[in-house]
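Participant: Dropping in entry_23.pdb, which is PDB, C-alpha atoms, pLDDT in the B column:
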ATOM      1  CA  MET A   1     100.179  83.820  64.479  1.00 69.00           C
ATOM      2  CA  MET A   2      97.823  84.167  67.438  1.00 72.00           C
ATOM      3  CA  GLU A   3      99.672  87.323  68.465  1.00 77.00           C
ATOM      4  CA  VAL A   4      99.093  88.802  64.977  1.00 73.00           C
ATOM      5  CA  ALA A   5      95.376  87.969  65.148  1.00 67.00           C
ATOM      6  CA  ARG A   6      95.158  89.600  68.577  1.00 72.00           C
ATOM      7  CA  VAL A   7      97.003  92.745  67.530  1.00 72.00           C
ATOM      8  CA  LEU A   8      95.197  93.155  64.194  1.00 78.00           C
ATOM      9  CA  ARG A   9      91.838  92.258  65.758  1.00 86.00           C
ATOM     10  CA  LEU A  10      90.793  89.863  63.012  1.00 89.00           C
ATOM     11  CA  ASP A  11      87.701  89.099  65.077  1.00 91.00           C
ATOM     12  CA  LEU A  12      86.730  92.780  64.779  1.00 93.00           C
ATOM     13  CA  LEU A  13      87.385  92.686  61.039  1.00 94.00           C
ATOM     14  CA  ILE A  14      84.969  89.761  60.752  1.00 95.00           C
ATOM     15  CA  LYS A  15      82.362  91.627  62.800  1.00 96.00           C
ATOM     16  CA  LEU A  16      82.668  94.802  60.768  1.00 97.00           C
ATOM     17  CA  SER A  17      82.615  92.890  57.469  1.00 97.00           C
ATOM     18  CA  LEU A  18      79.431  91.086  58.500  1.00 97.00           C
ATOM     19  CA  ALA A  19      77.901  94.418  59.565  1.00 97.00           C
ATOM     20  CA  VAL A  20      78.747  95.921  56.163  1.00 97.00           C
ATOM     21  CA  PHE A  21      77.231  92.889  54.420  1.00 98.00           C
ATOM     22  CA  LEU A  22      73.996  92.853  56.439  1.00 97.00           C
ATOM     23  CA  GLY A  23      73.555  96.628  56.391  1.00 97.00           C
ATOM     24  CA  GLY A  24      74.336  96.462  52.681  1.00 97.00           C
ATOM     25  CA  ILE A  25      71.684  93.920  51.715  1.00 97.00           C
ATOM     26  CA  ILE A  26      69.056  95.846  53.643  1.00 96.00           C
ATOM     27  CA  GLY A  27      70.279  99.161  52.273  1.00 96.00           C
ATOM     28  CA  PHE A  28      70.342  97.779  48.742  1.00 96.00           C
ATOM     29  CA  GLU A  29      66.646  96.898  48.987  1.00 95.00           C
ATOM     30  CA  ARG A  30      65.887 100.418  50.271  1.00 94.00           C
ATOM     31  CA  GLU A  31      67.986 101.921  47.466  1.00 93.00           C
ATOM     32  CA  LEU A  32      66.061  99.905  44.862  1.00 93.00           C
ATOM     33  CA  SER A  33      62.832 101.197  46.403  1.00 89.00           C
ATOM     34  CA  GLY A  34      64.066 104.779  46.074  1.00 90.00           C
ATOM     35  CA  LYS A  35      63.978 105.476  49.811  1.00 88.00           C
ATOM     36  CA  PRO A  36      66.028 108.252  51.412  1.00 82.00           C
ATOM     37  CA  ALA A  37      67.842 105.937  53.843  1.00 87.00           C
ATOM     38  CA  GLY A  38      69.513 103.721  51.269  1.00 91.00           C
ATOM     39  CA  LEU A  39      72.655 101.672  50.819  1.00 94.00           C
ATOM     40  CA  ARG A  40      75.319 103.860  52.425  1.00 95.00           C
ATOM     41  CA  THR A  41      73.106 104.988  55.300  1.00 94.00           C
ATOM     42  CA  ASN A  42      72.195 101.448  56.337  1.00 95.00           C
ATOM     43  CA  ILE A  43      75.780 100.212  55.990  1.00 97.00           C
ATOM     44  CA  LEU A  44      77.113 103.057  58.126  1.00 96.00           C
ATOM     45  CA  ILE A  45      74.476 102.576  60.829  1.00 96.00           C
ATOM     46  CA  CYS A  46      75.091  98.833  61.041  1.00 97.00           C
ATOM     47  CA  LEU A  47      78.872  99.272  60.964  1.00 97.00           C
ATOM     48  CA  GLY A  48      78.847 101.982  63.632  1.00 96.00           C
ATOM     49  CA  ALA A  49      76.577  99.993  65.922  1.00 96.00           C
ATOM     50  CA  ALA A  50      78.775  96.890  65.567  1.00 96.00           C
ATOM     51  CA  LEU A  51      81.923  98.878  66.332  1.00 95.00           C
ATOM     52  CA  LEU A  52      80.373 100.575  69.358  1.00 94.00           C
ATOM     53  CA  MET A  53      79.071  97.269  70.711  1.00 94.00           C
ATOM     54  CA  ASP A  54      82.506  95.712  70.354  1.00 93.00           C
ATOM     55  CA  VAL A  55      84.047  98.661  72.204  1.00 91.00           C
ATOM     56  CA  SER A  56      81.291  98.436  74.808  1.00 90.00           C
ATOM     57  CA  THR A  57      82.037  94.789  75.579  1.00 88.00           C
ATOM     58  CA  ARG A  58      85.799  95.421  75.839  1.00 86.00           C
ATOM     59  CA  ILE A  59      86.002  98.801  77.538  1.00 85.00           C
ATOM     60  CA  GLY A  60      85.060  97.513  80.995  1.00 79.00           C
ATOM     61  CA  LEU A  61      87.594  94.683  81.110  1.00 81.00           C
ATOM     62  CA  VAL A  62      90.581  95.105  83.411  1.00 82.00           C
ATOM     63  CA  ASP A  63      92.855  92.067  83.734  1.00 84.00           C
ATOM     64  CA  GLY A  64      89.997  89.854  82.566  1.00 81.00           C
ATOM     65  CA  GLN A  65      87.608  91.194  85.200  1.00 86.00           C
ATOM     66  CA  ARG A  66      84.536  93.167  84.190  1.00 84.00           C
ATOM     67  CA  ILE A  67      84.094  96.529  85.818  1.00 84.00           C
ATOM     68  CA  GLY A  68      81.161  98.543  84.581  1.00 81.00           C
ATOM     69  CA  ASP A  69      78.173  97.711  82.463  1.00 86.00           C
ATOM     70  CA  PRO A  70      78.790  96.716  78.824  1.00 81.00           C
ATOM     71  CA  ALA A  71      75.211  97.669  77.928  1.00 85.00           C
ATOM     72  CA  ARG A  72      75.743 101.382  78.619  1.00 87.00           C
ATOM     73  CA  ILE A  73      77.128 102.245  75.172  1.00 88.00           C
ATOM     74  CA  ALA A  74      74.570 100.000  73.470  1.00 88.00           C
ATOM     75  CA  ALA A  75      71.791 101.881  75.238  1.00 90.00           C
ATOM     76  CA  GLN A  76      73.161 105.147  73.885  1.00 91.00           C
ATOM     77  CA  VAL A  77      73.227 103.691  70.367  1.00 92.00           C
ATOM     78  CA  VAL A  78      69.517 102.930  70.683  1.00 89.00           C
ATOM     79  CA  SER A  79      68.819 106.517  71.786  1.00 89.00           C
ATOM     80  CA  GLY A  80      70.952 108.035  69.038  1.00 90.00           C
ATOM     81  CA  VAL A  81      69.375 105.898  66.367  1.00 92.00           C
ATOM     82  CA  GLY A  82      65.945 106.903  67.610  1.00 87.00           C
ATOM     83  CA  PHE A  83      66.960 110.489  66.931  1.00 87.00           C
ATOM     84  CA  LEU A  84      68.081 109.578  63.396  1.00 87.00           C
ATOM     85  CA  GLY A  85      64.866 107.682  62.755  1.00 87.00           C
ATOM     86  CA  ALA A  86      62.744 110.565  63.981  1.00 87.00           C
ATOM     87  CA  GLY A  87      64.407 112.739  61.368  1.00 86.00           C
ATOM     88  CA  THR A  88      63.148 110.497  58.579  1.00 87.00           C
ATOM     89  CA  ILE A  89      59.490 110.760  59.596  1.00 87.00           C
ATOM     90  CA  MET A  90      57.626 113.538  57.796  1.00 85.00           C
ATOM     91  CA  GLN A  91      54.010 114.676  58.031  1.00 79.00           C
ATOM     92  CA  GLY A  92      52.279 116.793  55.477  1.00 80.00           C
ATOM     93  CA  GLN A  93      48.782 117.159  54.092  1.00 80.00           C
ATOM     94  CA  GLY A  94      47.462 114.493  56.436  1.00 80.00           C
ATOM     95  CA  VAL A  95      49.975 111.862  55.271  1.00 83.00           C
ATOM     96  CA  VAL A  96      52.803 110.458  57.393  1.00 84.00           C
ATOM     97  CA  THR A  97      55.831 109.153  55.488  1.00 87.00           C
ATOM     98  CA  GLY A  98      59.141 107.681  56.534  1.00 89.00           C
ATOM     99  CA  LEU A  99      57.930 105.272  59.204  1.00 90.00           C
ATOM    100  CA  THR A 100      59.397 102.257  57.424  1.00 91.00           C
ATOM    101  CA  SER A 101      62.685 104.091  56.898  1.00 92.00           C
ATOM    102  CA  ALA A 102      62.777 104.957  60.608  1.00 93.00           C
ATOM    103  CA  ALA A 103      62.016 101.351  61.567  1.00 94.00           C
ATOM    104  CA  THR A 104      64.679 100.124  59.151  1.00 95.00           C
ATOM    105  CA  ILE A 105      67.285 102.435  60.686  1.00 95.00           C
ATOM    106  CA  TRP A 106      66.342 101.152  64.131  1.00 95.00           C
ATOM    107  CA  VAL A 107      66.492  97.465  63.221  1.00 96.00           C
ATOM    108  CA  VAL A 108      69.756  97.869  61.263  1.00 97.00           C
ATOM    109  CA  ALA A 109      71.323  99.375  64.392  1.00 97.00           C
ATOM    110  CA  ALA A 110      70.011  96.423  66.399  1.00 96.00           C
ATOM    111  CA  ILE A 111      71.578  94.033  63.892  1.00 97.00           C
ATOM    112  CA  GLY A 112      74.857  95.937  64.191  1.00 97.00           C
ATOM    113  CA  LEU A 113      74.736  95.661  67.985  1.00 96.00           C
ATOM    114  CA  THR A 114      74.075  91.933  67.642  1.00 96.00           C
ATOM    115  CA  VAL A 115      77.071  91.512  65.329  1.00 97.00           C
ATOM    116  CA  GLY A 116      79.244  93.594  67.658  1.00 95.00           C
ATOM    117  CA  ALA A 117      78.272  91.367  70.569  1.00 93.00           C
ATOM    118  CA  GLY A 118      79.441  88.342  68.563  1.00 94.00           C
ATOM    119  CA  PHE A 119      76.035  86.775  67.873  1.00 96.00           C
ATOM    120  CA  TYR A 120      76.660  86.142  64.187  1.00 96.00           C
ATOM    121  CA  VAL A 121      73.956  83.563  63.505  1.00 97.00           C
ATOM    122  CA  GLU A 122      71.292  85.700  65.148  1.00 97.00           C
ATOM    123  CA  ALA A 123      72.415  88.778  63.237  1.00 97.00           C
ATOM    124  CA  LEU A 124      72.469  86.908  59.936  1.00 97.00           C
ATOM    125  CA  GLY A 125      68.982  85.506  60.556  1.00 97.00           C
ATOM    126  CA  ALA A 126      67.632  88.922  61.520  1.00 97.00           C
ATOM    127  CA  GLY A 127      69.245  90.534  58.471  1.00 97.00           C
ATOM    128  CA  LEU A 128      67.674  88.018  56.136  1.00 96.00           C
ATOM    129  CA  LEU A 129      64.271  88.368  57.798  1.00 97.00           C
ATOM    130  CA  VAL A 130      64.396  92.166  57.561  1.00 97.00           C
ATOM    131  CA  THR A 131      65.319  91.940  53.882  1.00 96.00           C
ATOM    132  CA  PHE A 132      62.386  89.569  53.305  1.00 95.00           C
ATOM    133  CA  VAL A 133      59.978  91.858  55.174  1.00 95.00           C
ATOM    134  CA  LEU A 134      61.070  94.911  53.193  1.00 94.00           C
ATOM    135  CA  ALA A 135      61.183  93.254  49.776  1.00 91.00           C
ATOM    136  CA  ALA A 136      58.426  90.646  49.750  1.00 91.00           C
ATOM    137  CA  LEU A 137      55.934  92.206  52.121  1.00 91.00           C
ATOM    138  CA  GLY A 138      56.267  95.560  50.381  1.00 83.00           C
ATOM    139  CA  ARG A 139      54.839  93.978  47.252  1.00 84.00           C
ATOM    140  CA  PHE A 140      52.100  92.316  49.319  1.00 89.00           C
ATOM    141  CA  GLU A 141      51.186  95.708  50.836  1.00 86.00           C
ATOM    142  CA  ILE A 142      50.781  97.187  47.364  1.00 85.00           C
ATOM    143  CA  TYR A 143      48.509  94.286  46.401  1.00 88.00           C
ATOM    144  CA  VAL A 144      46.333  94.760  49.506  1.00 88.00           C
ATOM    145  CA  ARG A 145      46.080  98.523  48.905  1.00 86.00           C
ATOM    146  CA  ARG A 146      44.864  97.882  45.375  1.00 87.00           C
ATOM    147  CA  LEU A 147      42.114  95.628  46.725  1.00 87.00           C
ATOM    148  CA  ARG A 148      40.924  98.384  49.076  1.00 84.00           C
ATOM    149  CA  ARG A 149      41.192 101.224  46.606  1.00 78.00           C
ATOM    150  CA  ARG A 150      38.039 103.130  45.778  1.00 78.00           C
ATOM    151  CA  VAL A 151      37.622 105.279  42.737  1.00 78.00           C
ATOM    152  CA  THR A 152      35.162 108.126  42.832  1.00 83.00           C
ATOM    153  CA  ALA A 153      33.872 109.629  39.609  1.00 84.00           C
ATOM    154  CA  THR A 154      31.398 112.327  38.672  1.00 85.00           C
ATOM    155  CA  ILE A 155      29.491 111.975  35.429  1.00 82.00           C
ATOM    156  CA  ARG A 156      28.070 115.161  33.948  1.00 83.00           C
ATOM    157  CA  THR A 157      25.644 115.321  31.091  1.00 83.00           C
ATOM    158  CA  ARG A 158      23.912 118.036  29.192  1.00 85.00           C
ATOM    159  CA  VAL A 159      20.467 119.081  30.254  1.00 86.00           C
ATOM    160  CA  GLY A 160      17.886 117.010  28.405  1.00 83.00           C
ATOM    161  CA  THR A 161      20.128 113.981  27.755  1.00 82.00           C
ATOM    162  CA  PRO A 162      18.085 110.748  27.982  1.00 82.00           C
ATOM    163  CA  THR A 163      19.011 108.687  31.071  1.00 73.00           C
ATOM    164  CA  GLU A 164      18.278 105.327  29.496  1.00 70.00           C
TER     165      GLU A 164
END
How does this structure look as structure tokens?
Facilitator:
Amino acid sequence: MMEVARVLRLDLLIKLSLAVFLGGIIGFERELSGKPAGLRTNILICLGAALLMDVSTRIGLVDGQRIGDPARIAAQVVSGVGFLGAGTIMQGQGVVTGLTSAATIWVVAAIGLTVGAGFYVEALGAGLLVTFVLAALGRFEIYVRRLRRRVTATIRTRVGTPTE
């Protein structure tokens, strides 16, 4: 049985399943909010990062001895995800949009790397915190914006209209 688990990499299946779950809950919130980086995007980023981190930790092992740096691939994931995130940021008419989507892409990749490294509890905690930040604090942001909103109006009257 242990040989089957080793050959089929059940540990990797658990990692990838957790990455799909965590990327999925975050992506589902983004999908509900109508954001461009939604369910599938966040799942794929988390899944890819977890897979690459798993490969990164195993690729430098020869007869149980580590040769090379397991952080090298992870560092490249961070750079690549930065490129993806930069593509979601748009500026037009003095308004910058997509910063939260870019940050979400970045943190989902970090969660995937955490899962791939085998830190399941940390990844689960981070995934839940990110979901809370996106869902609950998004509503709080809207509330705060409404408090700060100013409405400007111009009232025009006909010449000779009494002011009192």
Participant: Ranking A:Leu51, A:Leu134, A:Val151, A:Asp69 by minimum distance to Phe28 (chain A) and counting all atoms listed in the file, which one comes first?
Facilitator: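 Of A:Leu51, A:Leu134, A:Val151, A:Asp69, the one nearest Phe28 (chain A), counting all atoms listed in the file, is A:Leu134.
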Participant: Could you work out how far CA of Gly38 (chain A) lies from CA of Gly23 (chain A), giving the answer in Å with one decimal?
Facilitator: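 A separation of 9.6 Å between them.
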Participant: Figure out the distance between CA of Arg156 (chain A) and CA of Gln93 (chain A), please, to one decimal in Å.
Facilitator: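 CA of Gln93 (chain A) sits 29.0 Å away from CA of Arg156 (chain A).
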Participant: Please determine, counting only C-alpha atoms, which residue among A:Leu52, A:Val130, A:Leu47, A:Ala71 has the shortest atom-to-atom distance to Val107 (chain A).
Facilitator: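 Looking at the shortest contact to Val107 (chain A), the residue is A:Val130.
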Participant: Which residue out of A:Lys15, A:Ala135, A:Ala74, A:Ile105 has the minimum interatomic distance to Arg40 (chain A) when all atoms listed in the file are used?
Facilitator: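 Among A:Lys15, A:Ala135, A:Ala74, A:Ile105, it is A:Ile105 that comes nearest to Arg40 (chain A).
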Participant: Give me the residues within 7 Å of Pro70 (chain A) as number ranges by chain, counting only C-alpha atoms and dropping any in the same chain fewer than 6 places off.
Facilitator: A: 56-57, 60
Participant: Report as a PyMOL selection string the full result of the PyMOL selection byres ((chain A and resi 78) around 12) when it is applied to this structure.
Facilitator: chain A and resi 45-46+48-49+52-53+71-77+79-85+103+105-113
Participant: Which residues would end up in the selection if the PyMOL selection byres ((chain A and resi 119) around 12) were applied here, given that I need the answer as a CSV table (one decimal) with C-alpha atoms, in the frame of the given file?
Facilitator:
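Full text of expr_31.csv as output:
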chain,number,residue,atom,x,y,z
A,14,ILE,CA,85.0,89.8,60.8
A,15,LYS,CA,82.4,91.6,62.8
A,18,LEU,CA,79.4,91.1,58.5
A,19,ALA,CA,77.9,94.4,59.6
A,50,ALA,CA,78.8,96.9,65.6
A,53,MET,CA,79.1,97.3,70.7
A,54,ASP,CA,82.5,95.7,70.4
A,110,ALA,CA,70.0,96.4,66.4
A,111,ILE,CA,71.6,94.0,63.9
A,112,GLY,CA,74.9,95.9,64.2
A,113,LEU,CA,74.7,95.7,68.0
A,114,THR,CA,74.1,91.9,67.6
A,115,VAL,CA,77.1,91.5,65.3
A,116,GLY,CA,79.2,93.6,67.7
A,117,ALA,CA,78.3,91.4,70.6
A,118,GLY,CA,79.4,88.3,68.6
A,120,TYR,CA,76.7,86.1,64.2
A,121,VAL,CA,74.0,83.6,63.5
A,122,GLU,CA,71.3,85.7,65.1
A,123,ALA,CA,72.4,88.8,63.2
A,124,LEU,CA,72.5,86.9,59.9
A,125,GLY,CA,69.0,85.5,60.6
A,126,ALA,CA,67.6,88.9,61.5
Participant: Rounded to one decimal in Å, what is the spacing between CA of Thr152 (chain A) and CA of Leu137 (chain A)?
Facilitator: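 Computed distance, CA of Thr152 (chain A) to CA of Leu137 (chain A), equals 27.8 Å.
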Participant: For Thr88 (chain A), find every residue with an atom within 8 Å (counting all atoms listed in the file), except residues of its own chain fewer than 6 positions away, and show them as a list in words.
Facilitator: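 Near Thr88 (chain A), the qualifying residues are Gly98, Leu99, Ser101 and Ala102 of chain A.
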Participant: Which residue, A:Thr100, A:Thr157, A:Thr41, A:Gln65, has the smallest gap to Val133 (chain A) when you use all atoms listed in the file?
Facilitator: A:Thr100
Participant: Writing C-alpha atoms and nothing else, produce region 5-117 of chain A as a short mmCIF file (atom, residue, chain, number, x, y, z; two decimals), in the first residue's frame.
Facilitator:
data_model
loop_
_atom_site.label_atom_id
_atom_site.label_comp_id
_atom_site.auth_asym_id
_atom_site.auth_seq_id
_atom_site.Cartn_x
_atom_site.Cartn_y
_atom_site.Cartn_z
CA ALA A 5 0.88 5.88 -2.31
CA ARG A 6 4.47 6.68 -3.30
CA VAL A 7 3.94 5.90 -6.97
CA LEU A 8 0.58 7.68 -7.26
CA ARG A 9 1.81 10.61 -5.15
CA LEU A 10 -1.28 10.79 -2.96
CA ASP A 11 0.48 13.52 -0.99
CA LEU A 12 0.58 15.60 -4.18
CA LEU A 13 -3.09 14.88 -4.82
CA ILE A 14 -3.89 16.23 -1.36
CA LYS A 15 -1.79 19.34 -2.01
CA LEU A 16 -3.39 20.02 -5.37
CA SER A 17 -6.90 19.39 -4.02
CA LEU A 18 -6.30 21.86 -1.19
CA ALA A 19 -4.93 24.39 -3.69
CA VAL A 20 -8.05 24.00 -5.84
CA PHE A 21 -10.25 24.44 -2.76
CA LEU A 22 -8.46 27.53 -1.44
CA GLY A 23 -8.06 29.15 -4.85
CA GLY A 24 -11.71 28.28 -5.46
CA ILE A 25 -13.15 29.97 -2.38
CA ILE A 26 -11.16 33.11 -3.10
CA GLY A 27 -12.03 32.98 -6.79
CA PHE A 28 -15.69 32.41 -6.00
CA GLU A 29 -15.79 35.64 -3.98
CA ARG A 30 -14.12 37.50 -6.87
CA GLU A 31 -16.58 35.94 -9.33
CA LEU A 32 -19.53 37.07 -7.20
CA SER A 33 -18.05 40.57 -7.19
CA GLY A 34 -17.85 40.53 -10.99
CA LYS A 35 -14.06 40.91 -11.10
CA PRO A 36 -12.00 39.88 -14.12
CA ALA A 37 -9.77 37.47 -12.18
CA GLY A 38 -12.49 35.13 -10.97
CA LEU A 39 -13.00 31.50 -10.09
CA ARG A 40 -10.97 29.70 -12.75
CA THR A 41 -8.12 32.21 -12.72
CA ASN A 42 -7.59 31.97 -8.97
CA ILE A 43 -7.87 28.17 -8.97
CA LEU A 44 -5.31 27.85 -11.77
CA ILE A 45 -2.86 30.25 -10.12
CA CYS A 46 -3.09 28.48 -6.76
CA LEU A 47 -2.87 25.04 -8.36
CA GLY A 48 0.11 25.97 -10.53
CA ALA A 49 1.99 27.54 -7.64
CA ALA A 50 1.38 24.46 -5.46
CA LEU A 51 2.59 22.13 -8.20
CA LEU A 52 5.70 24.19 -8.89
CA MET A 53 6.54 24.40 -5.19
CA ASP A 54 6.21 20.65 -4.85
CA VAL A 55 8.51 20.16 -7.84
CA SER A 56 10.88 22.75 -6.41
CA THR A 57 11.24 20.90 -3.11
CA ARG A 58 11.81 17.54 -4.84
CA ILE A 59 13.93 18.45 -7.84
CA GLY A 60 17.13 19.00 -5.86
CA LEU A 61 17.05 15.70 -3.97
CA VAL A 62 19.56 13.05 -4.98
CA ASP A 63 19.64 9.94 -2.79
CA GLY A 64 18.03 11.92 0.02
CA GLN A 65 20.66 14.66 -0.13
CA ARG A 66 19.71 18.18 -1.17
CA ILE A 67 21.72 19.70 -3.96
CA GLY A 68 20.56 23.10 -5.11
CA ASP A 69 18.18 25.62 -3.69
CA PRO A 70 14.49 24.65 -3.46
CA ALA A 71 13.50 28.33 -3.36
CA ARG A 72 14.68 29.02 -6.92
CA ILE A 73 11.46 27.91 -8.64
CA ALA A 74 9.34 29.59 -5.97
CA ALA A 75 11.15 32.86 -6.63
CA GLN A 76 10.30 32.57 -10.31
CA VAL A 77 6.64 31.98 -9.45
CA VAL A 78 6.63 35.26 -7.53
CA SER A 79 8.13 37.08 -10.53
CA GLY A 80 5.73 35.49 -13.01
CA VAL A 81 2.72 36.25 -10.88
CA GLY A 82 3.86 39.85 -10.58
CA PHE A 83 3.70 40.01 -14.36
CA LEU A 84 0.16 38.59 -14.35
CA GLY A 85 -0.91 41.02 -11.65
CA ALA A 86 0.53 43.97 -13.53
CA GLY A 87 -1.68 43.04 -16.45
CA THR A 88 -4.80 43.46 -14.34
CA ILE A 89 -3.99 47.03 -13.30
CA MET A 90 -5.54 49.65 -15.58
CA GLN A 91 -5.39 53.44 -15.49
CA GLY A 92 -7.76 55.71 -17.30
CA GLN A 93 -9.31 59.11 -16.74
CA GLY A 94 -7.40 59.56 -13.50
CA VAL A 95 -8.73 56.32 -11.97
CA VAL A 96 -6.63 53.24 -11.24
CA THR A 97 -8.49 49.91 -11.22
CA GLY A 98 -7.43 46.33 -10.73
CA LEU A 99 -5.17 46.76 -7.71
CA THR A 100 -7.22 44.38 -5.59
CA SER A 101 -7.30 41.83 -8.41
CA ALA A 102 -3.51 42.10 -8.73
CA ALA A 103 -3.06 41.69 -4.98
CA THR A 104 -5.44 38.73 -4.99
CA ILE A 105 -3.47 37.02 -7.76
CA TRP A 106 -0.28 37.58 -5.78
CA VAL A 107 -1.64 36.25 -2.49
CA VAL A 108 -3.32 33.24 -4.16
CA ALA A 109 0.07 32.29 -5.63
CA ALA A 110 1.60 32.64 -2.17
CA ILE A 111 -1.08 30.35 -0.76
CA GLY A 112 -0.34 27.85 -3.53
CA LEU A 113 3.37 27.95 -2.70
CA THR A 114 2.52 27.39 0.96
CA VAL A 115 0.37 24.37 0.10
CA GLY A 116 3.07 23.01 -2.21
CA ALA A 117 5.61 23.28 0.59
#
